[in-house]
Amino acid sequence: MNRLLKNREILLTVIIAIMIAGFSTRAQGFAAPGNLANIFNDTSILIILALGQMTVILTKSIDLSVAANLAFTGMAVAMTNAAYPGLPLALLIVMAIGIGAFLGAINGYLVWALRIPPIVVTLGTLTIYRGMAFVLSGGGWVNAHQMGATFLNVPRLPVLGLPILSWIALLIVLGAWFVLTRLPFGRAAYASGGNPTAAVYAGIDIGWTKFIAFVVSGALAGLSGYLWVSRYAVAYVDIAAGFELDTVAACVIGGISIAGGIGSVAGAVLGALFLGVIKNALPVIGISPFAQMAISGIVIVLAVVFNARAERKAGRIILRDRGAKEVSA
Amino acid sequence: MNAVAPTADQRPEVPPLAAETPILEMRGISQIFPGVKALDGVSIKLYPGQVTALIGENGAGKSTLVKILTGIYRPNEGEILIDGVPTTFSSAQAAIDAGVTAIHQETVLFDELSVAENIFLGHAPRTRFGTIDWRQINSGAKALMLQLESEIDPTIRLRDLSIAQRHLVAIARALSVEARIVIMDEPTAALSRKEIDDLFRIVEGLKRQGKAILFISHKFDEVYEIAENFVVFRDGRAVGHGRLKETPQDEIVRLMVGRDVKDVFPKVEVKIGAPVLRVENYCHPTEFRDISFELRRGEILGLYGLIGAGRSELCQSLFGMTRPSSGRLVLDGTPLDLRFSGDAIRAGIVYVPEERGRHGLALPMPIFQNMSLPSLGKTSRAGFLKAANELSLARKYAERLDLRAAALSVPVGTLSGGNQQKVVIGKWLATQPKVIILDEPTKGIDIGSKAAVHAFISELAAEGLSIIMVSSELPEILGMSDRVMVMREGLAAGMFERDALSAEALVRAATGNQ
């Protein structure tokens, strides 16, 4: 049992299951498959962004500009769709991913070449990208009636019982798992965060690794930009304001170490789902949105405490004997 | 504030140099870390008005002793007596309260604070209202600096001072807490000759005030100049002590190095082949200049020198971590232009860093992933990682090195220090290098493990690897090397063939002492 509890992924799955069971005693049908599918679909964008964020965090960095990137890219594709309704959707999606990746590359370049701390870089670009969204739109909105039907409907189309949006998220989950565990880049990301000095000695270019991580995060933010405006059928400057913090929170809850080098794709996904379940459940059982924020916050702090404890145990090498005693105690 | 008045803690009834009761005595001190006995039953005495030199190689236990005296470590055995009264230092503050203060090699001071603030940090005089009494801080600092014959303005910020001046501030800080026992940990390492003379005048002043001084240094000329007594440490034991006046330098070198070097390090005879690596006029803007040497197949080239002589910097440059400002590096007849470490690994040069825990391993990652990290190019197929290949590579070297682990998929952080070491070595061997640079390969490990590491290094040489071994331990250098290059202050200070090797010659070349 103790061993089971130490595995973050299993622990989170159990907690999420308990939460769902608990909520369903208060709200009829909460645990119904249809509702669970809805929750997953609702959380899809957070999952996609959290996976990008995770890639960056693994390298001992952080990307605070994801939500601003999403807002700018979302605005750009929405306006393009409104102005040129004839353009095929595939082209718009490629455009979204391209713009997002480019904005991510700017972050990555500043971190890599100028060696500015990632938190400072992305705090700056967060404001810049949001500001660019304003400049681009002149502060205006793109509403549902200006967008094409394909643009709006494709992510909602059900395939085998799930909307395409959910399928995209699942695809990204698989992709992230593949990249992080099966490609040298993934290994480089874990190594650069786990011990940057050792990584350099092993011939890994940490700067380049971080750059790629930011590009990946940016590309996923760009894709999410399209998914967001299509899902909520509106684009304006302030969409997804503050959402970057949710992506970080999902990672932290999922056991991705802010210090880098530790974490799994399953953890990030479960962390996102955890937040998704809370967000969906609390209104159903009649808790005010303000209390919701406080509850989310408490969960995040608890997760950080939990992570810190887990990492301290793992890191105790020199005083091995004493560490062993504490674990058993 | 009576600290400013030097008479406060003077004991006129004890004439300097003739005192018989030690201010501080350590009896049978042992400090044990898992796997290493850093200090083993060490006893020393410090007398008022006298300088005791603590001599020993790196890793002999000097720093551990300093940490015990400053209350950072608590010894596992033994007792500390101050004025004959047993004392335990439960914290760094307790040591300060007992009158022990240390001046470190790299001064632990704050660049952005003023001289006066640095001196009185933590024990600043207060006004009646509990706020800091700036007037008294500045005048007190000025008085302390004058006592050290220095006119540094106490309000100036520390970062505007030279290293020597910072040392003065550190000493003033030590005096401000009414220290009776002053530990100076290689205080001259970064000083010029003139600054050293100034420092020694201050030390003479401290002696006259009746303070007991523990002076740690590698440099024999300085030790003979300033100290009355000596203690020699080797492998965590105090192997000799006495009056310097009555002890010739050769005797101290002999104590430092230990008896017959050749018995401890059985040298395996290896047939030395053709030159593999040639370094020509290698220069670095700040760390080293004009280094040239050749390394042959199967050869172990020892690289000796004091800390800060530029050895590690040279090696890191040979490994592509820093670019040389000029010079050529030729491996197997091909000139190399290393832009980063990956280039060096591909070319066949690897570097096993000194701090293997900090620089060698990503602790959260599994053993096999750590092992395969520099060899991913070889284990991957078509750009995809192949876990099976990585595992078989790791298994091969784990067997060869007798690595003990529950499974190769457990995080490296869960292994013991010795086994972590093996992972680091295995990871570099797995790249199948031509040249391997070992930086302090046995630093911080016990004698038994040292022997195993040495046997292993000889084995590698026998297989035809060329080895550069950086070490500050004379026995290791003398016992293992086919040739030794000595570096001093960034320059090559001598190249010694095996039959011309002697501890005295190396120490002389390294210290510049004729």
# chains A, B, ... in the order shown; residues from 1 in each chain; ligands from 1
call {"tool": "closest_atom_pairs", "arguments": {"of": "chain A", "to": "chain B", "cutoff": "6 Å", "atoms": "only C-alpha atoms", "output": "CSV"}}
result
residue,atom,partner,partner_atom,distance
A:Arg182,CA,B:Leu385,CA,5.0
A:Leu183,CA,B:Phe384,CA,5.0
A:Gly194,CA,B:Ala362,CA,4.9
A:Asn195,CA,B:Ala362,CA,4.7
A:Thr197,CA,B:His359,CA,5.1
A:Ala198,CA,B:His359,CA,4.5
A:Ala202,CA,B:Pro374,CA,4.6
A:Gly203,CA,B:Gly342,CA,3.6
call {"tool": "residues_around", "arguments": {"residues": "Leu148 of chain B", "least_positions_apart": "2", "cutoff": "9 Å", "atoms": "only C-alpha atoms", "output": "tab-separated table (two decimals) with N, CA and C atoms, in the first residue's frame"}}
result
chain	number	residue	atom	x	y	z
B	143	ALA	N	38.61	51.49	13.43
B	143	ALA	CA	39.62	51.16	14.44
B	143	ALA	C	40.21	49.78	14.17
B	144	LEU	N	39.34	48.82	13.80
B	144	LEU	CA	39.83	47.47	13.50
B	144	LEU	C	40.76	47.48	12.30
B	145	MET	N	40.39	48.24	11.28
B	145	MET	CA	41.22	48.28	10.09
B	145	MET	C	42.56	48.94	10.38
B	146	LEU	N	42.53	49.95	11.24
B	146	LEU	CA	43.79	50.62	11.60
B	146	LEU	C	44.69	49.66	12.34
B	150	SER	N	45.65	49.26	8.02
B	150	SER	CA	44.99	49.51	6.74
B	150	SER	C	44.09	50.72	6.89
B	151	GLU	N	44.08	51.56	5.87
B	151	GLU	CA	43.27	52.76	5.97
B	151	GLU	C	42.04	52.67	5.09
B	168	LEU	N	41.82	41.37	4.38
B	168	LEU	CA	41.95	42.21	5.57
B	168	LEU	C	40.59	42.38	6.24
B	171	ILE	N	39.76	39.35	8.08
B	171	ILE	CA	40.51	39.26	9.33
B	171	ILE	C	39.92	40.21	10.36
B	172	ALA	N	39.58	41.40	9.92
B	172	ALA	CA	38.96	42.37	10.83
B	172	ALA	C	37.67	41.80	11.40
B	201	ARG	N	52.69	40.20	8.43
B	201	ARG	CA	52.88	41.21	9.48
B	201	ARG	C	51.66	41.21	10.40
B	202	ILE	N	50.50	41.08	9.79
B	202	ILE	CA	49.28	41.05	10.60
B	202	ILE	C	49.26	39.82	11.51
B	205	GLY	N	51.24	40.36	14.40
B	205	GLY	CA	50.49	41.20	15.33
B	205	GLY	C	49.53	40.36	16.17
call {"tool": "select_by_dssp", "arguments": {"residues": "segment 27-140 of chain B", "states": "strand (DSSP E or B)", "output": "PyMOL selection string"}}
result
chain B and resi 27-33+36-46+51-56+77-82+85-87+100-103+114+126+132
call {"tool": "write_last_selection", "arguments": {"atoms": "N, CA and C atoms", "output": "compact mmCIF listing (two decimals), in the first residue's frame"}}
result
# COMPACT_ATOMS: atom_id res chain seq x y z
N ARG B 27 41.16 16.11 21.19
CA ARG B 27 41.67 14.79 21.59
C ARG B 27 40.90 13.70 20.88
N GLY B 28 41.60 12.91 20.14
CA GLY B 28 41.02 11.70 19.54
C GLY B 28 39.79 11.95 18.68
N ILE B 29 39.84 12.99 17.90
CA ILE B 29 38.67 13.35 17.10
C ILE B 29 38.54 12.43 15.88
N SER B 30 37.34 11.84 15.73
CA SER B 30 37.06 11.06 14.52
C SER B 30 35.79 11.60 13.89
N GLN B 31 35.81 11.63 12.57
CA GLN B 31 34.62 12.07 11.83
C GLN B 31 34.37 11.04 10.75
N ILE B 32 33.21 10.41 10.83
CA ILE B 32 32.93 9.31 9.91
C ILE B 32 31.78 9.70 9.01
N PHE B 33 31.99 9.60 7.70
CA PHE B 33 30.90 9.72 6.75
C PHE B 33 30.68 8.33 6.17
N VAL B 36 33.52 6.62 4.30
CA VAL B 36 34.80 7.31 4.45
C VAL B 36 35.01 7.69 5.91
N LYS B 37 36.18 7.42 6.41
CA LYS B 37 36.54 7.94 7.72
C LYS B 37 37.39 9.18 7.45
N ALA B 38 36.77 10.34 7.53
CA ALA B 38 37.46 11.56 7.12
C ALA B 38 38.55 11.93 8.13
N LEU B 39 38.27 11.69 9.41
CA LEU B 39 39.27 11.95 10.44
C LEU B 39 39.30 10.75 11.36
N ASP B 40 40.48 10.35 11.76
CA ASP B 40 40.61 9.12 12.53
C ASP B 40 41.49 9.38 13.75
N GLY B 41 40.85 9.66 14.86
CA GLY B 41 41.57 9.82 16.11
C GLY B 41 42.63 10.90 16.09
N VAL B 42 42.24 12.09 15.63
CA VAL B 42 43.20 13.17 15.48
C VAL B 42 43.28 13.98 16.78
N SER B 43 44.50 14.28 17.20
CA SER B 43 44.66 15.16 18.36
C SER B 43 45.59 16.32 17.98
N ILE B 44 45.17 17.55 18.30
CA ILE B 44 46.09 18.66 18.09
C ILE B 44 45.94 19.66 19.24
N LYS B 45 46.97 20.46 19.40
CA LYS B 45 46.95 21.49 20.44
C LYS B 45 47.34 22.82 19.82
N LEU B 46 46.62 23.87 20.23
CA LEU B 46 46.97 25.21 19.76
C LEU B 46 47.33 26.07 20.96
N VAL B 51 51.72 30.12 16.02
CA VAL B 51 51.08 29.67 14.80
C VAL B 51 51.38 28.19 14.62
N THR B 52 50.33 27.43 14.43
CA THR B 52 50.51 26.01 14.15
C THR B 52 50.11 25.77 12.69
N ALA B 53 51.04 25.22 11.93
CA ALA B 53 50.74 24.98 10.52
C ALA B 53 50.12 23.60 10.38
N LEU B 54 49.02 23.54 9.66
CA LEU B 54 48.38 22.25 9.38
C LEU B 54 48.72 21.90 7.94
N ILE B 55 49.46 20.83 7.78
CA ILE B 55 49.99 20.48 6.47
C ILE B 55 49.41 19.14 6.05
N GLY B 56 49.07 19.03 4.80
CA GLY B 56 48.56 17.76 4.31
C GLY B 56 48.06 17.94 2.90
N GLU B 77 33.61 11.00 17.45
CA GLU B 77 34.34 10.62 18.64
C GLU B 77 35.28 11.76 19.03
N GLY B 78 35.71 11.73 20.27
CA GLY B 78 36.73 12.66 20.71
C GLY B 78 36.15 13.88 21.38
N GLU B 79 37.05 14.68 21.95
CA GLU B 79 36.55 15.88 22.63
C GLU B 79 37.41 17.09 22.32
N ILE B 80 36.76 18.23 22.47
CA ILE B 80 37.44 19.50 22.24
C ILE B 80 37.51 20.21 23.59
N LEU B 81 38.72 20.66 23.96
CA LEU B 81 38.87 21.37 25.22
C LEU B 81 39.30 22.80 24.94
N ILE B 82 38.62 23.72 25.58
CA ILE B 82 39.06 25.10 25.47
C ILE B 82 39.49 25.54 26.85
N VAL B 85 38.80 23.04 29.38
CA VAL B 85 37.43 22.68 29.72
C VAL B 85 36.78 22.02 28.50
N PRO B 86 36.24 20.81 28.66
CA PRO B 86 35.60 20.15 27.52
C PRO B 86 34.40 20.97 27.02
N THR B 87 34.31 21.06 25.73
CA THR B 87 33.28 21.90 25.12
C THR B 87 32.71 21.14 23.94
N VAL B 100 36.32 30.86 18.48
CA VAL B 100 36.97 30.29 17.31
C VAL B 100 36.44 31.00 16.08
N THR B 101 37.33 31.42 15.22
CA THR B 101 36.85 32.03 13.99
C THR B 101 37.74 31.58 12.84
N ALA B 102 37.17 31.50 11.67
CA ALA B 102 37.92 30.99 10.53
C ALA B 102 37.92 32.01 9.40
N ILE B 103 39.08 32.15 8.78
CA ILE B 103 39.19 32.99 7.60
C ILE B 103 39.43 32.05 6.44
N SER B 114 28.90 47.27 2.78
CA SER B 114 30.10 48.06 3.03
C SER B 114 31.07 47.25 3.89
N ARG B 126 24.01 48.03 18.75
CA ARG B 126 22.69 48.65 18.66
C ARG B 126 22.63 49.95 19.45
N ILE B 132 20.22 49.80 14.50
CA ILE B 132 21.66 49.62 14.32
C ILE B 132 22.39 50.95 14.53
call {"tool": "residues_around", "arguments": {"residues": "segment 248-253 of chain A", "least_positions_apart": "2", "cutoff": "6 Å", "atoms": "only C-alpha atoms", "output": "list in words"}}
result
Leu245, Asp246, Gly255, Ile256, Ala268, Gly271, Ala272 and Ala303 of chain A
call {"tool": "write_last_selection", "arguments": {"atoms": "N, CA, C and O atoms", "output": "PDB file, in the first residue's frame"}}
result
ATOM      1  N   LEU A 245      -1.163  29.711 -15.663  1.00  0.00           N
ATOM      2  CA  LEU A 245      -0.977  29.210 -14.305  1.00  0.00           C
ATOM      3  C   LEU A 245      -1.646  27.853 -14.127  1.00  0.00           C
ATOM      4  O   LEU A 245      -1.149  26.999 -13.409  1.00  0.00           O
ATOM      5  N   ASP A 246      -2.792  27.651 -14.820  1.00  0.00           N
ATOM      6  CA  ASP A 246      -3.429  26.336 -14.748  1.00  0.00           C
ATOM      7  C   ASP A 246      -2.527  25.260 -15.330  1.00  0.00           C
ATOM      8  O   ASP A 246      -2.468  24.142 -14.822  1.00  0.00           O
ATOM      9  N   GLY A 255       3.058  15.878 -10.474  1.00  0.00           N
ATOM     10  CA  GLY A 255       4.346  15.370 -10.001  1.00  0.00           C
ATOM     11  C   GLY A 255       5.524  15.764 -10.862  1.00  0.00           C
ATOM     12  O   GLY A 255       6.599  15.203 -10.730  1.00  0.00           O
ATOM     13  N   ILE A 256       5.328  16.730 -11.753  1.00  0.00           N
ATOM     14  CA  ILE A 256       6.476  17.193 -12.532  1.00  0.00           C
ATOM     15  C   ILE A 256       7.237  18.186 -11.659  1.00  0.00           C
ATOM     16  O   ILE A 256       6.673  19.163 -11.183  1.00  0.00           O
ATOM     17  N   ALA A 268       1.268  14.510 -15.932  1.00  0.00           N
ATOM     18  CA  ALA A 268       0.763  15.800 -16.398  1.00  0.00           C
ATOM     19  C   ALA A 268      -0.697  15.674 -16.808  1.00  0.00           C
ATOM     20  O   ALA A 268      -1.519  16.545 -16.500  1.00  0.00           O
ATOM     21  N   GLY A 271      -2.798  15.334 -13.727  1.00  0.00           N
ATOM     22  CA  GLY A 271      -2.854  16.631 -13.057  1.00  0.00           C
ATOM     23  C   GLY A 271      -3.881  17.534 -13.713  1.00  0.00           C
ATOM     24  O   GLY A 271      -4.667  18.200 -13.041  1.00  0.00           O
ATOM     25  N   ALA A 272      -3.893  17.543 -15.049  1.00  0.00           N
ATOM     26  CA  ALA A 272      -4.868  18.360 -15.774  1.00  0.00           C
ATOM     27  C   ALA A 272      -6.279  17.846 -15.522  1.00  0.00           C
ATOM     28  O   ALA A 272      -7.210  18.623 -15.274  1.00  0.00           O
ATOM     29  N   ALA A 303       0.028  19.922  -3.379  1.00  0.00           N
ATOM     30  CA  ALA A 303       0.805  19.136  -4.334  1.00  0.00           C
ATOM     31  C   ALA A 303       2.278  19.514  -4.266  1.00  0.00           C
ATOM     32  O   ALA A 303       3.158  18.663  -4.332  1.00  0.00           O
TER      33      ALA A 303
END
call {"tool": "select_by_dssp", "arguments": {"residues": "segment 117-203 of chain B", "states": "helix (DSSP H, G or I)", "output": "PyMOL selection string"}}
result
chain B and resi 117-120+134-147+158-160+163-176+193-203
call {"tool": "atom_distance", "arguments": {"atom1": "atom CA of Ser325 of chain B", "atom2": "atom CA of Val279 of chain B"}}
result
13.4 Å
call {"tool": "residues_around", "arguments": {"residues": "Glu9 of chain A", "least_positions_apart": "4", "cutoff": "10 Å", "atoms": "only C-alpha atoms", "output": "PyMOL selection string"}}
result
chain A and resi 4-5+13-15+254-255+263-271
call {"tool": "residues_around", "arguments": {"residues": "Ser166 of chain A", "least_positions_apart": "5", "cutoff": "8 Å", "atoms": "only C-alpha atoms", "output": "list in words"}}
result
Phe40, Asn41 and Ser44 of chain A
call {"tool": "atom_distance", "arguments": {"atom1": "atom CA of Ala492 of chain B", "atom2": "atom CA of Lys219 of chain B"}}
result
18.1 Å
call {"tool": "residues_around", "arguments": {"residues": "Pro441 of chain B", "least_positions_apart": "6", "cutoff": "8 Å", "atoms": "only C-alpha atoms", "output": "VMD selection string"}}
result
chain B and resid 352 354 453 469 to 471
call {"tool": "atom_distance", "arguments": {"atom1": "atom CA of Glu149 of chain B", "atom2": "atom CA of Glu195 of chain B"}}
result
12.6 Å
call {"tool": "residues_around", "arguments": {"residues": "Phe185 of chain A", "least_positions_apart": "3", "cutoff": "10 Å", "atoms": "only C-alpha atoms", "output": "compact mmCIF listing (two decimals) with all heavy atoms, in the first residue's frame"}}
result
# COMPACT_ATOMS: atom_id res chain seq x y z
N VAL A 179 7.65 11.30 -27.88
CA VAL A 179 8.78 12.22 -27.99
C VAL A 179 9.64 12.18 -26.73
O VAL A 179 10.86 12.14 -26.79
CB VAL A 179 8.28 13.67 -28.23
CG1 VAL A 179 9.38 14.69 -28.02
CG2 VAL A 179 7.70 13.79 -29.63
N LEU A 180 8.98 12.12 -25.57
CA LEU A 180 9.75 12.22 -24.33
C LEU A 180 10.40 10.91 -23.94
O LEU A 180 11.39 10.90 -23.22
CB LEU A 180 8.85 12.73 -23.19
CG LEU A 180 8.47 14.21 -23.32
CD1 LEU A 180 7.53 14.62 -22.22
CD2 LEU A 180 9.71 15.09 -23.31
N THR A 181 9.87 9.79 -24.40
CA THR A 181 10.49 8.53 -23.99
C THR A 181 11.20 7.81 -25.13
O THR A 181 12.00 6.92 -24.88
CB THR A 181 9.47 7.55 -23.38
OG1 THR A 181 8.52 7.21 -24.39
CG2 THR A 181 8.77 8.13 -22.18
N ARG A 182 10.92 8.17 -26.37
CA ARG A 182 11.48 7.39 -27.47
C ARG A 182 12.43 8.19 -28.36
O ARG A 182 13.05 7.63 -29.25
CB ARG A 182 10.35 6.80 -28.33
CG ARG A 182 9.58 5.70 -27.65
CD ARG A 182 10.42 4.43 -27.54
NE ARG A 182 9.70 3.37 -26.86
CZ ARG A 182 9.68 3.19 -25.55
NH1 ARG A 182 10.32 4.01 -24.75
NH2 ARG A 182 9.02 2.18 -25.01
N ALA A 188 17.34 14.06 -23.66
CA ALA A 188 18.13 15.27 -23.42
C ALA A 188 17.38 16.22 -22.49
O ALA A 188 17.97 16.85 -21.61
CB ALA A 188 18.45 15.96 -24.74
N ALA A 189 16.05 16.29 -22.66
CA ALA A 189 15.25 17.18 -21.81
C ALA A 189 15.33 16.73 -20.35
O ALA A 189 15.58 17.54 -19.45
CB ALA A 189 13.81 17.21 -22.29
N TYR A 190 15.13 15.43 -20.12
CA TYR A 190 15.21 14.93 -18.75
C TYR A 190 16.60 15.17 -18.16
O TYR A 190 16.76 15.58 -17.02
CB TYR A 190 14.91 13.43 -18.71
CG TYR A 190 13.43 13.10 -18.66
CD1 TYR A 190 12.73 12.77 -19.80
CD2 TYR A 190 12.74 13.12 -17.45
CE1 TYR A 190 11.38 12.46 -19.76
CE2 TYR A 190 11.40 12.82 -17.40
CZ TYR A 190 10.72 12.49 -18.56
OH TYR A 190 9.39 12.20 -18.49
N ALA A 191 17.64 14.91 -18.98
CA ALA A 191 19.01 15.05 -18.47
C ALA A 191 19.35 16.51 -18.19
O ALA A 191 19.96 16.82 -17.18
CB ALA A 191 20.00 14.45 -19.46
N ILE A 204 25.49 16.85 -24.23
CA ILE A 204 24.17 17.35 -24.60
C ILE A 204 24.21 18.87 -24.61
O ILE A 204 24.76 19.50 -23.72
CB ILE A 204 23.12 16.85 -23.59
CG1 ILE A 204 22.87 15.37 -23.84
CG2 ILE A 204 21.83 17.64 -23.71
CD1 ILE A 204 22.12 14.70 -22.74
N TRP A 208 20.21 24.23 -26.74
CA TRP A 208 19.42 23.76 -27.88
C TRP A 208 18.21 22.97 -27.38
O TRP A 208 17.09 23.12 -27.88
CB TRP A 208 20.30 22.91 -28.78
CG TRP A 208 19.59 22.22 -29.89
CD1 TRP A 208 19.34 20.89 -29.99
CD2 TRP A 208 19.03 22.82 -31.07
NE1 TRP A 208 18.67 20.62 -31.15
CE2 TRP A 208 18.45 21.78 -31.83
CE3 TRP A 208 18.95 24.14 -31.54
CZ2 TRP A 208 17.82 22.01 -33.04
CZ3 TRP A 208 18.31 24.37 -32.75
CH2 TRP A 208 17.76 23.33 -33.49
N THR A 209 18.43 22.13 -26.37
CA THR A 209 17.33 21.33 -25.83
C THR A 209 16.22 22.24 -25.30
O THR A 209 15.04 22.02 -25.57
CB THR A 209 17.87 20.44 -24.69
OG1 THR A 209 18.98 19.69 -25.19
CG2 THR A 209 16.81 19.49 -24.19
N LYS A 210 16.62 23.29 -24.59
CA LYS A 210 15.61 24.21 -24.07
C LYS A 210 14.89 24.91 -25.21
O LYS A 210 13.67 25.09 -25.18
CB LYS A 210 16.28 25.27 -23.17
CG LYS A 210 16.71 24.70 -21.85
CD LYS A 210 17.21 25.79 -20.92
CE LYS A 210 17.54 25.15 -19.57
NZ LYS A 210 18.10 26.08 -18.62
N ILE A 212 14.30 23.82 -28.21
CA ILE A 212 13.32 22.91 -28.81
C ILE A 212 12.10 22.76 -27.89
O ILE A 212 10.96 22.75 -28.35
CB ILE A 212 13.95 21.52 -29.07
CG1 ILE A 212 15.08 21.63 -30.09
CG2 ILE A 212 12.91 20.53 -29.56
CD1 ILE A 212 14.63 21.99 -31.47
N ALA A 213 12.36 22.68 -26.58
CA ALA A 213 11.25 22.54 -25.64
C ALA A 213 10.30 23.74 -25.76
O ALA A 213 9.08 23.57 -25.78
CB ALA A 213 11.77 22.42 -24.21
N GLY B 383 17.40 7.49 -35.28
CA GLY B 383 16.93 8.63 -34.51
C GLY B 383 15.96 8.27 -33.40
O GLY B 383 15.45 9.15 -32.71
N PHE B 384 15.65 6.98 -33.22
CA PHE B 384 14.77 6.60 -32.13
C PHE B 384 15.58 5.90 -31.04
O PHE B 384 16.49 5.13 -31.34
CB PHE B 384 13.69 5.63 -32.61
CG PHE B 384 12.78 6.24 -33.64
CD1 PHE B 384 12.74 5.74 -34.93
CD2 PHE B 384 12.00 7.33 -33.31
CE1 PHE B 384 11.92 6.32 -35.88
CE2 PHE B 384 11.19 7.92 -34.26
CZ PHE B 384 11.15 7.41 -35.55
N LEU B 385 15.22 6.18 -29.79
CA LEU B 385 15.91 5.52 -28.70
C LEU B 385 15.55 4.04 -28.70
O LEU B 385 14.40 3.68 -28.97
CB LEU B 385 15.49 6.14 -27.36
CG LEU B 385 15.79 7.62 -27.18
CD1 LEU B 385 15.19 8.11 -25.88
CD2 LEU B 385 17.27 7.86 -27.19
